[in-house]
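Shown next: structure33.txt, given as compact mmCIF, C-alpha atoms and all ligand atoms.
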# COMPACT_ATOMS: atom_id res chain seq x y z
CA MET T 124 47.93 26.64 16.14
CA ILE T 125 47.04 29.24 13.51
CA LYS T 126 48.39 28.49 10.02
CA ARG T 127 50.62 31.38 8.88
CA GLY T 128 49.21 33.51 6.07
CA ILE T 129 50.67 33.49 2.56
CA PHE T 130 52.82 36.44 1.48
CA ILE T 131 52.47 37.35 -2.21
CA THR T 132 54.28 40.25 -3.87
CA PHE T 133 53.95 41.90 -7.28
CA GLU T 134 56.99 43.36 -9.02
CA GLY T 135 57.70 44.97 -12.37
CA GLY T 136 58.61 48.19 -14.15
CA GLU T 137 56.49 51.30 -14.63
CA GLY T 138 53.08 50.80 -16.21
CA SER T 139 53.36 47.01 -16.03
CA GLY T 140 49.93 46.81 -14.39
CA LYS T 141 51.08 45.45 -11.01
CA SER T 142 48.71 47.53 -8.93
CA THR T 143 45.70 46.50 -11.04
CA GLN T 144 46.68 42.83 -10.87
CA ALA T 145 47.37 42.98 -7.13
CA LYS T 146 43.84 44.39 -6.60
CA ILE T 147 42.25 41.72 -8.84
CA LEU T 148 44.02 38.96 -6.89
CA TYR T 149 43.01 40.56 -3.58
CA ASP T 150 39.34 40.69 -4.70
CA TYR T 151 39.53 37.06 -5.81
CA LEU T 152 40.92 35.92 -2.43
CA ILE T 153 38.29 37.89 -0.50
CA GLN T 154 35.60 36.36 -2.70
CA ARG T 155 37.01 32.92 -1.75
CA GLN T 156 36.62 34.01 1.88
CA ILE T 157 40.34 34.12 2.59
CA SER T 158 41.28 36.89 5.05
CA THR T 159 43.64 39.06 3.03
CA ILE T 160 45.13 42.55 3.14
CA LEU T 161 46.26 44.55 0.12
CA THR T 162 49.21 46.83 0.75
CA ARG T 163 52.03 48.60 -1.12
CA GLU T 164 55.64 49.78 -0.99
CA PRO T 165 56.99 52.25 -0.37
CA GLY T 166 54.18 52.80 2.13
CA GLY T 167 51.62 50.63 3.83
CA THR T 168 51.71 52.17 7.34
CA GLU T 169 51.38 55.75 8.51
CA GLN T 170 55.14 56.16 8.99
CA SER T 171 55.99 54.34 5.77
CA GLU T 172 53.54 56.53 3.84
CA GLU T 173 55.35 59.59 5.23
CA ILE T 174 58.62 58.21 3.85
CA ARG T 175 56.83 57.42 0.56
CA ASN T 176 55.92 61.09 0.16
CA ILE T 177 59.56 62.10 0.63
CA LEU T 178 60.72 59.45 -1.84
CA LEU T 179 58.26 60.03 -4.65
CA SER T 180 58.08 63.80 -4.75
CA GLY T 181 60.55 66.33 -6.04
CA ASN T 182 63.39 66.31 -8.49
CA LYS T 183 64.43 63.03 -10.13
CA ASN T 184 68.03 63.44 -8.90
CA LYS T 185 67.03 64.53 -5.41
CA TRP T 186 68.79 61.71 -3.52
CA ASP T 187 72.13 60.03 -3.43
CA GLY T 188 71.45 56.36 -4.34
CA VAL T 189 72.59 54.94 -0.99
CA SER T 190 70.53 57.48 1.02
CA GLU T 191 67.53 56.62 -1.12
CA THR T 192 68.08 52.90 -0.56
CA LEU T 193 68.19 53.44 3.21
CA LEU T 194 64.93 55.40 3.08
CA HIS T 195 63.25 52.54 1.19
CA TYR T 196 64.53 50.15 3.85
CA ALA T 197 63.36 52.36 6.73
CA SER T 198 59.93 52.38 5.14
CA ARG T 199 60.04 48.60 4.57
CA ARG T 200 61.10 47.84 8.14
CA GLU T 201 58.12 49.77 9.55
CA HIS T 202 55.79 48.09 7.10
CA LEU T 203 57.11 44.63 7.85
CA LYS T 204 57.17 44.89 11.64
CA LYS T 205 53.88 46.75 12.07
CA LYS T 206 51.71 45.36 9.31
CA ILE T 207 53.02 42.43 7.27
CA ILE T 208 54.39 40.15 10.01
CA PRO T 209 51.46 40.69 12.44
CA ALA T 210 49.00 39.88 9.62
CA LEU T 211 50.85 36.72 8.51
CA GLU T 212 51.03 35.53 12.12
CA LYS T 213 47.26 35.88 12.44
CA GLY T 214 46.84 33.68 9.37
CA ILE T 215 45.96 36.63 7.11
CA TRP T 216 47.26 36.58 3.54
CA VAL T 217 49.23 39.64 2.42
CA VAL T 218 49.22 40.89 -1.17
CA CYS T 219 51.89 43.58 -1.56
CA ASP T 220 52.50 45.88 -4.53
CA ARG T 221 56.36 45.92 -4.74
CA TYR T 222 58.92 44.66 -2.21
CA CYS T 223 62.70 44.01 -2.01
CA LEU T 224 63.15 43.15 -5.68
CA SER T 225 62.13 46.73 -6.56
CA THR T 226 65.06 48.10 -4.54
CA GLU T 227 67.44 45.71 -6.32
CA ALA T 228 66.04 46.78 -9.71
CA TYR T 229 65.64 50.57 -9.20
CA GLN T 230 68.37 51.52 -6.71
CA GLY T 231 70.71 48.63 -7.62
CA ALA T 232 70.48 48.09 -11.38
CA GLY T 233 69.07 51.56 -12.09
CA TYR T 234 71.18 53.86 -9.89
CA GLY T 235 74.16 51.56 -9.47
CA VAL T 236 73.99 50.99 -5.70
CA SER T 237 75.84 47.77 -4.81
CA ILE T 238 73.52 44.74 -5.08
CA ASN T 239 75.51 43.08 -2.29
CA PHE T 240 74.79 46.05 -0.02
CA ILE T 241 71.07 45.86 -0.88
CA LYS T 242 71.03 42.09 -0.28
CA TYR T 243 72.75 42.66 3.07
CA LEU T 244 69.98 45.12 4.04
CA GLU T 245 67.40 42.64 2.82
CA LYS T 246 68.80 39.98 5.14
CA GLU T 247 69.22 42.22 8.20
CA VAL T 248 66.22 44.53 7.87
CA CYS T 249 63.72 41.97 6.66
CA GLU T 250 65.04 39.24 8.96
CA ASP T 251 65.14 37.00 5.90
CA LEU T 252 61.39 37.08 5.43
CA ASN T 253 60.91 36.17 1.79
CA PRO T 254 57.57 36.26 0.01
CA ASP T 255 56.04 32.83 -0.59
CA LEU T 256 55.40 33.93 -4.16
CA THR T 257 56.39 36.87 -6.37
CA PHE T 258 54.70 37.68 -9.67
CA ILE T 259 57.02 39.70 -11.90
CA LEU T 260 55.11 41.52 -14.62
CA ASP T 261 57.40 41.81 -17.58
CA LEU T 262 56.90 44.64 -20.05
CA LYS T 263 59.32 46.04 -22.64
CA GLU T 264 60.44 49.55 -21.61
CA LYS T 265 59.07 51.13 -24.83
CA GLU T 266 55.56 49.86 -24.08
CA SER T 267 56.03 50.82 -20.45
CA LEU T 268 56.90 54.43 -21.38
CA LYS T 269 53.94 54.55 -23.80
CA ARG T 270 51.60 53.55 -20.97
CA LEU T 271 53.17 56.21 -18.72
CA GLU T 272 52.52 58.92 -21.29
CA ARG T 273 48.80 58.12 -20.99
CA ARG T 274 48.88 58.72 -17.20
CA ASN T 275 48.38 62.28 -15.89
CA GLU T 276 50.61 62.21 -12.84
CA ASN T 277 54.18 60.99 -12.82
CA ASN T 278 56.34 60.30 -9.76
CA ARG T 279 60.11 61.01 -9.60
CA TYR T 280 61.09 57.58 -10.91
CA GLU T 281 58.79 57.76 -13.88
CA ASP T 282 60.61 60.91 -15.07
CA LEU T 283 63.90 59.03 -15.45
CA ASP T 284 65.10 58.29 -19.00
CA ILE T 285 64.59 55.16 -21.10
CA GLY T 286 68.15 53.96 -20.29
CA PHE T 287 67.25 53.79 -16.60
CA HIS T 288 64.00 51.93 -17.28
CA LYS T 289 65.81 49.48 -19.58
CA LYS T 290 68.16 48.54 -16.75
CA VAL T 291 65.21 48.13 -14.38
CA SER T 292 63.27 45.88 -16.82
CA LYS T 293 66.36 43.81 -17.57
CA TYR T 294 66.94 43.21 -13.87
CA PHE T 295 63.36 42.08 -13.26
CA LYS T 296 63.49 39.80 -16.27
CA SER T 297 66.70 38.15 -15.14
CA ALA T 298 65.37 37.37 -11.64
CA LYS T 299 65.91 33.68 -11.05
CA LYS T 300 63.74 31.29 -9.14
CA THR T 301 65.77 29.85 -6.24
CA LYS T 302 65.05 27.81 -3.13
CA LYS T 303 64.36 31.09 -1.30
CA ASN T 304 62.63 32.98 -4.10
CA ASN T 305 59.57 31.74 -5.88
CA PHE T 306 59.59 34.14 -8.84
CA ILE T 307 56.98 33.75 -11.58
CA ILE T 308 57.56 35.94 -14.64
CA ILE T 309 54.35 36.89 -16.48
CA ASN T 310 54.25 38.65 -19.85
CA ALA T 311 52.41 41.92 -19.14
CA ASP T 312 52.05 42.89 -22.79
CA ASN T 313 48.51 41.50 -22.83
CA THR T 314 45.00 42.49 -21.70
CA ILE T 315 44.25 42.95 -17.98
CA ASP T 316 41.89 40.01 -18.22
CA ASN T 317 44.40 37.62 -19.80
CA VAL T 318 47.14 38.54 -17.32
CA SER T 319 44.81 38.09 -14.33
CA LYS T 320 43.59 34.70 -15.63
CA LYS T 321 47.20 33.44 -15.61
CA ILE T 322 47.80 34.74 -12.08
CA ILE T 323 44.60 33.26 -10.65
CA LEU T 324 45.21 29.94 -12.41
CA TYR T 325 48.63 29.76 -10.77
CA ILE T 326 47.09 30.46 -7.33
CA LYS T 327 44.35 27.86 -7.86
CA GLN T 328 46.84 25.21 -8.97
CA ASN T 329 49.30 25.84 -6.17
CA PHE T 330 47.26 26.85 -3.13
CA PHE T 331 43.74 25.41 -3.45
P1 LIG J 1 54.06 53.88 -7.56
O1 LIG J 1 53.26 55.10 -7.84
O2 LIG J 1 53.53 52.90 -6.59
O3 LIG J 1 54.49 53.26 -8.93
P2 LIG J 1 53.98 51.97 -9.66
O4 LIG J 1 52.51 52.17 -9.88
O5 LIG J 1 54.78 51.92 -10.91
O6 LIG J 1 54.29 50.85 -8.70
O7 LIG J 1 55.51 54.37 -7.07
C1 LIG J 1 56.44 53.54 -6.57
C2 LIG J 1 57.75 53.98 -7.15
O8 LIG J 1 58.81 53.69 -6.23
C3 LIG J 1 58.09 53.25 -8.44
O9 LIG J 1 58.44 54.19 -9.42
C4 LIG J 1 59.31 52.43 -8.10
C5 LIG J 1 59.88 53.07 -6.88
N1 LIG J 1 60.51 52.13 -5.93
C6 LIG J 1 61.90 52.08 -5.84
O10 LIG J 1 62.60 52.80 -6.56
N2 LIG J 1 62.48 51.22 -4.94
C7 LIG J 1 61.74 50.42 -4.11
O11 LIG J 1 62.30 49.66 -3.30
C8 LIG J 1 60.31 50.49 -4.22
C9 LIG J 1 59.45 49.65 -3.33
C10 LIG J 1 59.73 51.36 -5.14

What is this file in structure tokens?
Amino acid sequence: MIKRGIFITFEGGEGSGKSTQAKILYDYLIQRQISTILTREPGGTEQSEEIRNILLSGNKNKWDGVSETLLHYASRREHLKKKIIPALEKGIWVVCDRYCLSTEAYQGAGYGVSINFIKYLEKEVCEDLNPDLTFILDLKEKESLKRLERRNENNRYEDLDIGFHKKVSKYFKSAKKTKKNNFIIINADNTIDNVSKKIILYIKQNFF
């Protein structure tokens, strides 16, 4: 029987360096000859990338919060059924940039959509598939906005005000490790190298 792959997600506010860290971890796993895919949300499959374009472009107040939440979940369902689950079943590790916790933080804490409604979707749409491990990159919203100013292109979410980003950061920071959720909070106010050393050390100590 093939051993199921490990599902690792990266979460955090804007500019927290998730995508960079997800790529560094992916490269490390490949170098250790572990079959791994690197993917992202919203997106990850052709259909989910189409939904991503709808979600990230346009005016910051383009969507009603519940409609937006449903779009994120439509994208996630496609991603999960067509890419994540088939990979895990083949024994391939999956490193994913953002997952369900982002919907709780952005649409729930940020826009005020009911967390219970989001958790209900999580259970039904994701068939209770929880990541084996989630790294939450924690960065104060002021530093996060400073980093965003240095970027050229901003998506819809990045244009929202500091109050919104404060709520998002606070939600990520308060995420609690439970039996179902293996959340590891990492201080992202550090160099890329120092953050990645912590992440890889955790992987070495817990998986190899
Ligand atoms: P992206 O360019 O990938 O941003 P980042 O580099 O900060 O991850 O855009 C993803 C955006 O989508 C990000 O601003 C957060 C938002 N988002 C939600 O609001 N809800 C979600 O469930 C997910 C997955 C992302």

Next item on the list: Could you tell me, counting all atoms listed in the file, which protein and nucleic acid residues lie no more than 6 Å from ligand LIG 1 (chain J), written as a ChimeraX atom specification?
Entry: /T:137-138,164-165,195,221-223,225-226,229-230,280-281

Next item on the list: Find the residues near Lys327 (chain T): any atom within 12 Å, counting all atoms listed in the file, skip ones fewer than 5 places away on the same chain, and give them as a VMD selection string.
Entry: chain T and resid 148 151 to 152 155 320 to 322

Note to self: For a test of reading the model, state the distance in Å between CA of Ser171 (chain T) and CA of Lys204 (chain T), rounded to one decimal.
What the structure shows: 11.2 Å

Checklist line | Residues within 8 Å of Leu161 (chain T), only C-alpha atoms, excluding chain neighbours under 2 positions, as a ChimeraX atom specification | finding: /T:145-146,149,159,163,217-220

Checklist line | Residue contacts of Gly286 (chain T) (12 Å, all atoms listed in the file) excluding same-chain residues fewer than 6 positions away, as a count of residues only | finding: 9

Notebook entry, point to check: With only C-alpha atoms as the basis for distance, which of T:Thr132, T:Thr301, T:Ser158, T:Asn182 is at the shortest distance from Lys213 (chain T)?
Noted result: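 Ranked by minimum distance to Lys213 (chain T), first place goes to T:Ser158.
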
Contacts of region 153-262 of chain T with region 294-299 of chain T up to 8 Å, shortest pair per row, all atoms listed in the file, as a tab-separated table:
residue	atom	partner	partner_atom	distance
T:Leu224	CA	T:Phe295	CA	7.7
T:Glu227	CA	T:Tyr294	CA	8.0
T:Ala228	CA	T:Tyr294	CA	5.6
T:Ala232	CA	T:Tyr294	CA	6.5
T:Ile259	CA	T:Phe295	CA	6.9
T:Asp261	CA	T:Lys296	CA	6.5

Check: What residues have an atom no more than 10 Å from (51.2, 43.4, -16.3) in the file's own frame, counting only C-alpha atoms, and can you write them as a PyMOL selection string?
Finding: chain T and resi 133-145+258-262+267+308-315+317-319

As a short mmCIF file (atom, residue, chain, number, x, y, z; two decimals) with C-alpha atoms, in the frame of the given file, please: the residues near region 241-248 of chain T (cut-off 9 Å, only C-alpha atoms, same-chain neighbours under 3 positions excluded).
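File result-v1.cif, as written:
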data_model
loop_
_atom_site.label_atom_id
_atom_site.label_comp_id
_atom_site.auth_asym_id
_atom_site.auth_seq_id
_atom_site.Cartn_x
_atom_site.Cartn_y
_atom_site.Cartn_z
CA THR T 192 68.08 52.90 -0.56
CA LEU T 193 68.19 53.44 3.21
CA TYR T 196 64.53 50.15 3.85
CA ALA T 197 63.36 52.36 6.73
CA ARG T 199 60.04 48.60 4.57
CA ARG T 200 61.10 47.84 8.14
CA CYS T 223 62.70 44.01 -2.01
CA THR T 226 65.06 48.10 -4.54
CA GLU T 227 67.44 45.71 -6.32
CA GLN T 230 68.37 51.52 -6.71
CA GLY T 231 70.71 48.63 -7.62
CA VAL T 236 73.99 50.99 -5.70
CA SER T 237 75.84 47.77 -4.81
CA ILE T 238 73.52 44.74 -5.08
CA ASP T 251 65.14 37.00 5.90
CA LEU T 252 61.39 37.08 5.43
#

Checklist line | Nearest residue to Asn329 (chain T) from the set T:Leu194, T:Ile207, T:Leu179, T:Leu256 (distances using all atoms listed in the file) | finding: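 Looking only at the distances to Asn329 (chain T), the closest residue turns out to be T:Leu256.
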
Next item on the list: Find, counting only C-alpha atoms, the residue in T:His202, T:Lys289, T:Lys126, T:Lys302 that gets nearest to Glu172 (chain T).
Entry: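 Closest candidate: T:His202.
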
Generate the coordinates of N, CA, C and O atoms for region 244-261 of chain T; report them as a short mmCIF file (atom, residue, chain, number, x, y, z; two decimals), in the frame of the given file.
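Writing the result to result.cif gives the following:
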data_model
loop_
_atom_site.label_atom_id
_atom_site.label_comp_id
_atom_site.auth_asym_id
_atom_site.auth_seq_id
_atom_site.Cartn_x
_atom_site.Cartn_y
_atom_site.Cartn_z
N LEU T 244 71.11 44.44 3.37
CA LEU T 244 69.98 45.12 4.04
C LEU T 244 68.75 44.20 4.07
O LEU T 244 68.05 44.11 5.07
N GLU T 245 68.54 43.55 2.95
CA GLU T 245 67.40 42.64 2.82
C GLU T 245 67.44 41.60 3.94
O GLU T 245 66.44 41.34 4.60
N LYS T 246 68.63 41.05 4.15
CA LYS T 246 68.80 39.98 5.14
C LYS T 246 68.61 40.54 6.57
O LYS T 246 67.87 39.97 7.36
N GLU T 247 69.26 41.67 6.83
CA GLU T 247 69.22 42.22 8.20
C GLU T 247 67.89 42.90 8.51
O GLU T 247 67.31 42.68 9.56
N VAL T 248 67.43 43.74 7.60
CA VAL T 248 66.22 44.53 7.87
C VAL T 248 64.97 43.68 7.80
O VAL T 248 64.04 43.83 8.58
N CYS T 249 64.94 42.77 6.85
CA CYS T 249 63.72 41.97 6.66
C CYS T 249 63.81 40.65 7.41
O CYS T 249 62.92 39.80 7.25
N GLU T 250 64.87 40.46 8.17
CA GLU T 250 65.04 39.24 8.96
C GLU T 250 64.80 38.02 8.09
O GLU T 250 64.17 37.05 8.51
N ASP T 251 65.25 38.12 6.84
CA ASP T 251 65.14 37.00 5.90
C ASP T 251 63.71 36.55 5.60
O ASP T 251 63.48 35.40 5.26
N LEU T 252 62.77 37.46 5.76
CA LEU T 252 61.39 37.08 5.43
C LEU T 252 61.16 37.23 3.93
O LEU T 252 61.09 38.36 3.41
N ASN T 253 61.11 36.12 3.24
CA ASN T 253 60.91 36.17 1.79
C ASN T 253 59.45 35.91 1.46
O ASN T 253 58.80 35.10 2.13
N PRO T 254 58.95 36.56 0.41
CA PRO T 254 57.57 36.26 0.01
C PRO T 254 57.44 34.79 -0.37
O PRO T 254 58.40 34.17 -0.83
N ASP T 255 56.26 34.22 -0.16
CA ASP T 255 56.04 32.83 -0.59
C ASP T 255 55.98 32.78 -2.11
O ASP T 255 56.27 31.75 -2.71
N LEU T 256 55.58 33.90 -2.70
CA LEU T 256 55.40 33.93 -4.16
C LEU T 256 55.53 35.36 -4.66
O LEU T 256 55.02 36.29 -4.04
N THR T 257 56.24 35.53 -5.77
CA THR T 257 56.39 36.87 -6.37
C THR T 257 56.01 36.80 -7.85
O THR T 257 56.62 36.04 -8.61
N PHE T 258 55.02 37.57 -8.24
CA PHE T 258 54.70 37.68 -9.67
C PHE T 258 55.48 38.86 -10.23
O PHE T 258 55.35 39.99 -9.72
N ILE T 259 56.28 38.61 -11.25
CA ILE T 259 57.02 39.70 -11.90
C ILE T 259 56.34 39.97 -13.24
O ILE T 259 56.27 39.09 -14.10
N LEU T 260 55.80 41.19 -13.37
CA LEU T 260 55.11 41.52 -14.62
C LEU T 260 56.11 42.13 -15.58
O LEU T 260 56.66 43.20 -15.33
N ASP T 261 56.35 41.42 -16.65
CA ASP T 261 57.40 41.81 -17.58
C ASP T 261 56.83 42.59 -18.77
O ASP T 261 55.93 42.10 -19.46
#
